[in-house]
file upload-v6.cif (mmCIF, C-alpha atoms)
data_run
loop_
_atom_site.label_atom_id
_atom_site.label_comp_id
_atom_site.auth_asym_id
_atom_site.auth_seq_id
_atom_site.Cartn_x
_atom_site.Cartn_y
_atom_site.Cartn_z
CA PRO A 1 149.20 53.70 68.83
CA ALA A 2 147.58 57.08 68.27
CA PRO A 3 148.02 58.67 64.83
CA ALA A 4 151.14 60.71 64.19
CA PRO A 5 150.84 64.40 65.16
CA ASP A 6 150.85 65.66 61.60
CA THR A 7 147.69 63.68 60.79
CA ASP A 8 145.75 64.06 64.04
CA THR A 9 145.20 66.76 66.60
CA SER A 10 145.42 64.74 69.80
CA MET A 11 145.89 66.08 73.32
CA ALA A 12 148.30 63.16 73.87
CA TYR A 13 151.03 65.00 71.97
CA PHE A 14 151.15 68.11 74.15
CA THR A 15 153.35 68.77 77.16
CA ASP A 16 151.84 70.20 80.34
CA TYR A 17 153.06 73.59 79.13
CA GLY A 18 151.31 72.98 75.83
CA LYS A 19 148.07 71.87 77.49
CA ASP A 20 147.99 75.06 79.58
CA PHE A 21 148.43 77.05 76.36
CA LEU A 22 145.56 75.16 74.71
CA HIS A 23 143.21 75.83 77.62
CA GLU A 24 143.96 79.56 77.55
CA LEU A 25 143.65 79.72 73.78
CA ALA A 26 140.25 78.01 73.90
CA LYS A 27 139.00 80.55 76.45
CA ILE A 28 139.84 83.45 74.12
CA TYR A 29 138.09 81.98 71.04
CA PRO A 30 136.73 83.65 68.88
CA ASP A 31 138.55 86.91 69.72
CA PRO A 32 141.62 87.62 67.53
CA VAL A 33 144.90 86.14 68.77
CA MET A 34 148.57 86.43 67.85
CA VAL A 35 150.83 83.45 68.63
CA MET A 36 154.56 84.20 68.53
CA GLY A 37 157.25 81.55 68.58
CA GLU A 38 160.13 79.87 66.81
CA THR A 39 159.33 78.02 63.61
CA GLY A 40 158.28 74.41 64.07
CA CYS A 41 157.47 74.73 67.78
CA GLY A 42 153.83 73.64 67.30
CA LYS A 43 151.96 76.95 66.99
CA SER A 44 149.79 75.96 64.05
CA TYR A 45 149.19 72.46 65.38
CA ALA A 46 147.88 73.88 68.65
CA VAL A 47 145.52 76.31 66.94
CA ARG A 48 144.18 73.53 64.68
CA TYR A 49 143.49 71.51 67.81
CA VAL A 50 141.38 74.30 69.33
CA ALA A 51 139.56 74.90 66.03
CA ASN A 52 138.68 71.21 65.85
CA GLN A 53 137.42 71.27 69.42
CA LYS A 54 135.22 74.26 68.56
CA GLN A 55 134.03 72.46 65.39
CA SER A 56 135.29 75.40 63.37
CA ILE A 57 136.27 74.93 59.72
CA TYR A 58 139.57 76.63 59.06
CA ARG A 59 141.35 78.26 56.17
CA SER A 60 144.99 79.32 56.15
CA ILE A 61 147.58 81.12 54.09
CA ASN A 62 151.27 81.96 54.54
CA ALA A 63 152.08 85.65 54.39
CA HIS A 64 154.96 87.00 52.34
CA PRO A 65 155.92 90.50 51.18
CA ALA A 66 155.00 89.89 47.53
CA MET A 67 151.60 88.32 48.29
CA ASP A 68 148.85 89.15 45.81
CA ILE A 69 146.11 90.73 47.92
CA SER A 70 143.50 88.97 45.80
CA GLN A 71 144.48 85.70 47.48
CA LEU A 72 143.07 87.14 50.69
CA ILE A 73 140.26 89.34 49.42
CA GLY A 74 139.09 87.82 46.14
CA MET A 75 138.79 88.88 42.53
CA TYR A 76 136.57 88.91 39.47
CA ARG A 77 137.17 85.90 37.25
CA PRO A 78 135.86 85.02 33.78
CA ALA A 79 133.28 82.22 33.74
CA ASN A 80 131.19 80.42 31.14
CA GLN A 81 127.46 80.97 31.49
CA ASP A 82 125.18 79.44 28.85
CA GLY A 83 127.92 79.68 26.26
CA HIS A 84 128.76 83.28 27.10
CA VAL A 85 131.80 84.57 28.92
CA VAL A 86 130.80 86.50 32.02
CA VAL A 87 132.77 87.90 34.92
CA GLU A 88 131.98 86.59 38.40
CA TRP A 89 133.33 87.49 41.80
CA GLU A 90 135.25 84.79 43.71
CA HIS A 91 135.98 85.21 47.42
CA GLY A 92 139.57 84.98 48.68
CA VAL A 93 140.35 82.79 51.67
CA LEU A 94 140.02 85.58 54.23
CA THR A 95 136.72 86.86 52.81
CA GLU A 96 135.28 83.35 52.82
CA ALA A 97 136.30 82.85 56.45
CA VAL A 98 134.85 86.22 57.51
CA GLU A 99 131.50 85.55 55.84
CA LYS A 100 131.08 81.91 56.89
CA GLY A 101 132.45 82.11 60.43
CA MET A 102 135.55 80.00 59.94
CA THR A 103 138.90 80.00 61.70
CA PHE A 104 141.46 81.85 59.58
CA PHE A 105 145.16 81.16 60.12
CA PHE A 106 147.38 83.96 58.90
CA GLU A 107 150.71 82.15 59.09
CA GLU A 108 153.94 84.14 59.44
CA ALA A 109 152.01 87.38 59.77
CA THR A 110 155.14 89.44 60.45
CA ARG A 111 156.07 88.89 56.78
CA MET A 112 152.86 90.35 55.36
CA SER A 113 152.80 93.43 53.16
CA PRO A 114 151.45 96.79 54.41
CA GLU A 115 148.53 96.38 51.99
CA ALA A 116 147.53 93.08 53.58
CA ALA A 117 147.95 94.49 57.09
CA GLY A 118 145.69 97.40 56.24
CA ARG A 119 142.81 95.03 55.50
CA LEU A 120 142.87 93.52 58.98
CA PHE A 121 142.07 96.57 61.11
CA GLY A 122 138.29 96.38 60.81
CA ILE A 123 137.98 92.66 61.49
CA LEU A 124 140.38 92.77 64.43
CA ASP A 125 138.14 95.04 66.47
CA THR A 126 136.38 92.97 69.13
CA THR A 127 133.31 95.22 68.90
CA ASP A 128 131.71 96.83 65.84
CA ARG A 129 133.76 94.70 63.47
CA TYR A 130 133.49 95.51 59.78
CA TYR A 131 134.85 94.18 56.50
CA ASN A 132 134.69 96.15 53.30
CA LEU A 133 135.32 94.80 49.79
CA MET A 134 136.65 97.81 47.92
CA GLU A 135 137.46 95.50 45.01
CA ARG A 136 133.78 94.65 44.67
CA GLY A 137 132.46 98.18 44.63
CA GLY A 138 132.70 98.87 48.35
CA ASP A 139 130.36 96.09 49.47
CA ASP A 140 130.23 95.49 53.22
CA ILE A 141 130.49 91.85 54.34
CA LYS A 142 128.94 91.05 57.71
CA VAL A 143 131.57 89.61 60.00
CA HIS A 144 130.22 86.30 61.27
CA ASP A 145 130.03 85.96 65.06
CA ASP A 146 132.15 82.78 64.92
CA PHE A 147 134.91 84.20 62.73
CA TRP A 148 138.25 83.61 64.45
CA LEU A 149 141.45 85.22 63.21
CA VAL A 150 144.68 83.70 64.50
CA ALA A 151 147.97 85.16 63.33
CA THR A 152 151.06 83.05 63.86
CA ALA A 153 154.46 84.65 63.64
CA ASN A 154 158.13 84.00 64.14
CA PRO A 155 159.98 86.44 66.39
CA THR A 156 161.73 89.30 64.67
CA GLY A 157 165.47 88.82 64.12
CA ASN A 158 167.33 85.52 64.71
CA GLY A 159 167.65 84.98 60.98
CA TYR A 160 163.94 85.27 60.20
CA HIS A 161 162.94 87.59 57.35
CA THR A 162 160.32 89.41 59.39
CA GLN A 163 159.44 92.93 60.40
CA ALA A 164 157.82 94.35 63.48
CA LEU A 165 154.04 94.64 63.30
CA ASP A 166 152.46 98.07 63.13
CA PRO A 167 151.79 98.97 66.81
CA ALA A 168 148.23 100.03 65.93
CA LEU A 169 147.59 96.60 64.39
CA ARG A 170 149.31 94.73 67.20
CA SER A 171 147.18 96.53 69.79
CA ARG A 172 143.98 95.12 68.27
CA PHE A 173 144.69 91.51 69.16
CA ALA A 174 142.79 90.37 72.22
CA ALA A 175 145.84 88.40 73.37
CA ILE A 176 149.40 87.84 72.23
CA PHE A 177 151.03 84.58 73.29
CA GLU A 178 154.77 84.01 73.15
CA ILE A 179 155.77 80.36 73.05
CA LYS A 180 158.95 79.91 75.07
CA GLU A 181 159.49 76.16 74.63
CA PRO A 182 158.19 73.30 72.46
CA ILE A 183 154.55 72.64 73.25
CA ALA A 184 154.62 69.15 71.75
CA ASP A 185 155.49 66.10 73.85
CA GLU A 186 158.45 65.06 71.75
CA LYS A 187 159.03 61.82 73.65
CA ALA A 188 155.45 60.74 72.86
CA ILE A 189 155.89 61.69 69.22
CA LEU A 190 159.11 59.69 68.94
CA ALA A 191 157.52 56.65 70.58
CA ASN A 192 154.65 56.85 68.10
CA MET A 193 156.72 57.47 65.00
CA LEU A 194 159.53 54.99 65.72
CA PRO A 195 157.77 52.06 67.41
CA GLN A 196 160.10 49.53 65.77
CA HIS A 197 163.24 51.48 66.69
CA SER A 198 163.12 51.88 70.46
CA SER A 199 166.87 52.52 70.70
CA TYR A 200 166.57 55.39 68.22
CA GLN A 201 163.90 57.12 70.27
CA GLY A 202 166.15 57.94 73.23
CA LYS A 203 169.13 58.79 71.02
CA MET A 204 167.09 61.16 68.86
CA TYR A 205 165.58 62.85 71.91
CA ARG A 206 168.99 63.38 73.53
CA PHE A 207 170.41 64.66 70.24
CA ILE A 208 167.58 67.22 69.99
CA LEU A 209 168.10 68.38 73.58
CA ASP A 210 171.88 68.66 73.11
CA SER A 211 171.41 70.75 69.98
CA ARG A 212 169.29 73.21 71.91
CA SER A 213 171.76 73.56 74.75
CA SER A 214 174.85 74.09 72.60
CA HIS A 215 173.73 75.82 69.38
CA GLU A 216 172.19 79.18 68.52
CA SER A 217 169.73 77.63 66.04
CA SER A 218 167.92 74.88 67.93
CA ILE A 219 166.34 71.95 66.14
CA ASN A 220 162.56 72.18 66.30
CA THR A 221 159.80 69.60 66.55
CA ARG A 222 159.04 69.72 62.82
CA ASP A 223 162.68 68.94 62.01
CA MET A 224 162.52 65.93 64.31
CA VAL A 225 159.31 64.65 62.73
CA LEU A 226 160.75 64.93 59.21
CA ALA A 227 163.89 63.01 60.23
CA CYS A 228 161.73 60.27 61.76
CA LYS A 229 159.77 59.97 58.54
CA LEU A 230 162.99 59.34 56.63
CA ILE A 231 164.07 56.72 59.15
CA ASN A 232 160.76 54.94 58.57
CA LYS A 233 161.51 55.02 54.83
CA GLY A 234 164.69 53.04 55.45
CA PHE A 235 167.31 55.75 55.93
CA THR A 236 169.81 55.41 58.75
CA PRO A 237 169.41 57.99 61.54
CA MET A 238 172.63 59.73 60.49
CA ARG A 239 171.52 60.00 56.88
CA ALA A 240 168.04 61.14 57.92
CA ILE A 241 169.58 63.92 60.03
CA GLU A 242 171.92 64.90 57.19
CA LEU A 243 168.97 65.26 54.80
CA ALA A 244 166.17 66.60 57.00
CA ILE A 245 168.01 68.74 59.55
CA LEU A 246 171.59 69.79 58.82
CA PRO A 247 170.92 71.82 55.62
CA LYS A 248 168.55 74.06 57.60
CA TYR A 249 171.30 75.12 60.02
CA PRO A 250 174.33 75.79 57.77
CA GLY A 251 176.23 77.74 60.40
CA GLN A 252 176.00 74.89 62.90
CA SER A 253 175.90 71.89 60.55
CA GLU A 254 179.36 70.54 61.37
CA GLY A 255 178.80 70.74 65.11
CA LEU A 256 175.35 69.17 64.81
CA LYS A 257 176.74 66.41 62.59
CA GLN A 258 179.33 65.58 65.21
CA GLN A 259 176.68 65.51 67.92
CA ALA A 260 174.54 63.18 65.81
CA PHE A 261 177.56 60.93 65.24
CA ASN A 262 178.26 60.82 68.96
CA HIS A 263 174.70 59.71 69.67
CA PHE A 264 174.09 57.30 66.81
CA GLU A 265 177.46 56.01 65.60
CA ALA A 266 180.19 56.28 68.24
CA GLY A 267 180.68 52.96 69.96
CA SER A 268 177.96 51.25 67.92
CA ALA A 269 180.30 49.07 65.88
#

call {"tool": "encode", "arguments": {"input": "upload-v6.cif", "output": "structure tokens"}}
result
Amino acid sequence: PAPAPDTDTSMAYFTDYGKDFLHELAKIYPDPVMVMGETGCGKSYAVRYVANQKQSIYRSINAHPAMDISQLIGMYRPANQDGHVVVEWEHGVLTEAVEKGMTFFFEEATRMSPEAAGRLFGILDTTDRYYNLMERGGDDIKVHDDFWLVATANPTGNGYHTQALDPALRSRFAAIFEIKEPIADEKAILANMLPQHSSYQGKMYRFILDSRSSHESSINTRDMVLACKLINKGFTPMRAIELAILPKYPGQSEGLKQQAFNHFEAGSA
């Protein structure tokens, strides 16, 4: 079987909806893109797939309000040179990507601080892009032609600790995709991850679908993959769901637990 989706970017694991998204995303490369969607729906996996197809090395970082801007930009660090302590500049992940023409994933961009957002304006322009290192004396870094910035974000509200993007920043993205459904072929993933448990595959798939039709917080593809990993470590499906899924949905845990019981335990004795 093909490798599991968390270790390989294979077209085999995308639905038709997901494949259409990939084709459109590839057409836009290397213009800046925002991909909105629920957590665990496959946003990052899809972008990694396109980056691999474009033979683009990628760097990524998860945004959060207390992020140290030096992680993105860089900083001066002490270094040993011929027995003497000197101070040398070290690029942050964004600066490295800008200079070398890499793909840069800014995960959960709607959680970034205003300071981090302010550093994106120049590199988001599709023409006359610029990148200035104020921390290094105002040096200008040439933005590589192959630099690709992809921001992934959860929708505002629905329990996510996010905030709306500055409209001026949002307007600079060449395209903004909103993922409406899982882009991963979950049946194919289950068949690959549980080859020795064919009966579990259908039960897990139906459990996932039922959770989405009857609960506000739907189980996502990542949750499913993590539960399957526990099953492969010897846990029963019920215990795997209790450990990998239920704690993430405290408001719906009892209902989800009952649904899991109905699929995996009821009538199995």

call {"tool": "resolve_selection", "arguments": {"input": "upload-v6.cif", "expression": "the PyMOL selection byres ((chain A and resi 86-95) around 7)", "output": "PDB file with C-alpha atoms, in the coordinates of the input"}}
result
ATOM      1  CA  ARG A  59     141.350  78.260  56.170  1.00  0.00           C
ATOM      2  CA  SER A  70     143.500  88.970  45.800  1.00  0.00           C
ATOM      3  CA  GLN A  71     144.480  85.700  47.480  1.00  0.00           C
ATOM      4  CA  LEU A  72     143.070  87.140  50.690  1.00  0.00           C
ATOM      5  CA  ILE A  73     140.260  89.340  49.420  1.00  0.00           C
ATOM      6  CA  GLY A  74     139.090  87.820  46.140  1.00  0.00           C
ATOM      7  CA  MET A  75     138.790  88.880  42.530  1.00  0.00           C
ATOM      8  CA  TYR A  76     136.570  88.910  39.470  1.00  0.00           C
ATOM      9  CA  ARG A  77     137.170  85.900  37.250  1.00  0.00           C
ATOM     10  CA  PRO A  78     135.860  85.020  33.780  1.00  0.00           C
ATOM     11  CA  ALA A  79     133.280  82.220  33.740  1.00  0.00           C
ATOM     12  CA  ASN A  80     131.190  80.420  31.140  1.00  0.00           C
ATOM     13  CA  GLN A  81     127.460  80.970  31.490  1.00  0.00           C
ATOM     14  CA  HIS A  84     128.760  83.280  27.100  1.00  0.00           C
ATOM     15  CA  VAL A  85     131.800  84.570  28.920  1.00  0.00           C
ATOM     16  CA  GLU A  96     135.280  83.350  52.820  1.00  0.00           C
ATOM     17  CA  ALA A  97     136.300  82.850  56.450  1.00  0.00           C
ATOM     18  CA  VAL A  98     134.850  86.220  57.510  1.00  0.00           C
ATOM     19  CA  GLU A  99     131.500  85.550  55.840  1.00  0.00           C
ATOM     20  CA  PHE A 104     141.460  81.850  59.580  1.00  0.00           C
TER      21      PHE A 104
END

call {"tool": "resolve_selection", "arguments": {"input": "upload-v6.cif", "expression": "the PyMOL selection byres ((chain A and resi 110) around 12)", "output": "ChimeraX atom specification"}}
result
/A:34-37,62-65,106-109,111-114,116-117,151-157,160-167,169-170

call {"tool": "residues_around", "arguments": {"input": "upload-v6.cif", "residues": "Asp125 in chain A", "least_positions_apart": "3", "cutoff": "10 Å", "atoms": "all atoms listed in the file", "output": "PyMOL selection string"}}
result
chain A and resi 31-32+120-122+128-130+169+171-174

call {"tool": "write_last_selection", "arguments": {"input": "upload-v6.cif", "atoms": "C-alpha atoms", "output": "PDB file, keeping the file's coordinate frame"}}
result
ATOM      1  CA  ASP A  31     138.550  86.910  69.720  1.00  0.00           C
ATOM      2  CA  PRO A  32     141.620  87.620  67.530  1.00  0.00           C
ATOM      3  CA  LEU A 120     142.870  93.520  58.980  1.00  0.00           C
ATOM      4  CA  PHE A 121     142.070  96.570  61.110  1.00  0.00           C
ATOM      5  CA  GLY A 122     138.290  96.380  60.810  1.00  0.00           C
ATOM      6  CA  ASP A 128     131.710  96.830  65.840  1.00  0.00           C
ATOM      7  CA  ARG A 129     133.760  94.700  63.470  1.00  0.00           C
ATOM      8  CA  TYR A 130     133.490  95.510  59.780  1.00  0.00           C
ATOM      9  CA  LEU A 169     147.590  96.600  64.390  1.00  0.00           C
ATOM     10  CA  SER A 171     147.180  96.530  69.790  1.00  0.00           C
ATOM     11  CA  ARG A 172     143.980  95.120  68.270  1.00  0.00           C
ATOM     12  CA  PHE A 173     144.690  91.510  69.160  1.00  0.00           C
ATOM     13  CA  ALA A 174     142.790  90.370  72.220  1.00  0.00           C
TER      14      ALA A 174
END

call {"tool": "closest_residue", "arguments": {"input": "upload-v6.cif", "among": "A:Met102, A:Ile189, A:Ala168, A:Ile245", "to": "Ala12 in chain A", "atoms": "all atoms listed in the file"}}
result
A:Ile189

call {"tool": "closest_residue", "arguments": {"input": "upload-v6.cif", "among": "A:Leu22, A:Cys228, A:Thr126, A:Asn220", "to": "Gln196 in chain A", "atoms": "only C-alpha atoms"}}
result
A:Cys228

call {"tool": "closest_residue", "arguments": {"input": "upload-v6.cif", "among": "A:Ser211, A:Gln201, A:Thr221, A:Asn232", "to": "Asp185 in chain A", "atoms": "only C-alpha atoms"}}
result
A:Thr221

call {"tool": "atom_distance", "arguments": {"input": "upload-v6.cif", "atom1": "CA of Gly18 in chain A", "atom2": "CA of Phe177 in chain A"}}
result
11.9 Å

call {"tool": "resolve_selection", "arguments": {"input": "upload-v6.cif", "expression": "the PyMOL selection byres ((chain A and resi 209) around 12)", "output": "CSV table (one decimal) with C-alpha atoms, in the frame of the given file"}}
result
chain,number,residue,atom,x,y,z
A,181,GLU,CA,159.5,76.2,74.6
A,182,PRO,CA,158.2,73.3,72.5
A,186,GLU,CA,158.4,65.1,71.8
A,187,LYS,CA,159.0,61.8,73.6
A,202,GLY,CA,166.2,57.9,73.2
A,203,LYS,CA,169.1,58.8,71.0
A,204,MET,CA,167.1,61.2,68.9
A,205,TYR,CA,165.6,62.8,71.9
A,206,ARG,CA,169.0,63.4,73.5
A,207,PHE,CA,170.4,64.7,70.2
A,208,ILE,CA,167.6,67.2,70.0
A,210,ASP,CA,171.9,68.7,73.1
A,211,SER,CA,171.4,70.8,70.0
A,212,ARG,CA,169.3,73.2,71.9
A,213,SER,CA,171.8,73.6,74.8
A,214,SER,CA,174.8,74.1,72.6
A,215,HIS,CA,173.7,75.8,69.4
A,218,SER,CA,167.9,74.9,67.9
A,219,ILE,CA,166.3,72.0,66.1
A,220,ASN,CA,162.6,72.2,66.3
A,221,THR,CA,159.8,69.6,66.6
A,224,MET,CA,162.5,65.9,64.3
A,256,LEU,CA,175.4,69.2,64.8
A,259,GLN,CA,176.7,65.5,67.9
A,260,ALA,CA,174.5,63.2,65.8
A,263,HIS,CA,174.7,59.7,69.7

call {"tool": "atom_distance", "arguments": {"input": "upload-v6.cif", "atom1": "CA of Leu246 in chain A", "atom2": "CA of Ser199 in chain A"}}
result
21.5 Å

call {"tool": "closest_residue", "arguments": {"input": "upload-v6.cif", "among": "A:Thr15, A:Asn132, A:Ser198, A:Thr103", "to": "Arg48 in chain A", "atoms": "all atoms listed in the file"}}
result
A:Thr103

call {"tool": "axis_aligned_box", "arguments": {"input": "upload-v6.cif", "around": "range 108-124 of chain A", "padding_each_side": "5 Å", "output": "lines of an AutoDock Vina configuration file"}}
result
center_x = 147.0
center_y = 90.8
center_z = 58.2
size_x = 28.1
size_y = 23.3
size_z = 22.4

call {"tool": "closest_residue", "arguments": {"input": "upload-v6.cif", "among": "A:Ile141, A:Ala66, A:Ile241, A:Ala26", "to": "Tyr49 in chain A", "atoms": "all atoms listed in the file"}}
result
A:Ala26

call {"tool": "atom_distance", "arguments": {"input": "upload-v6.cif", "atom1": "CA of Val50 in chain A", "atom2": "CA of Ala244 in chain A"}}
result
28.7 Å

call {"tool": "closest_residue", "arguments": {"input": "upload-v6.cif", "among": "A:Ala175, A:His144, A:Ala227, A:Asn52", "to": "Lys27 in chain A", "atoms": "only C-alpha atoms"}}
result
A:Ala175
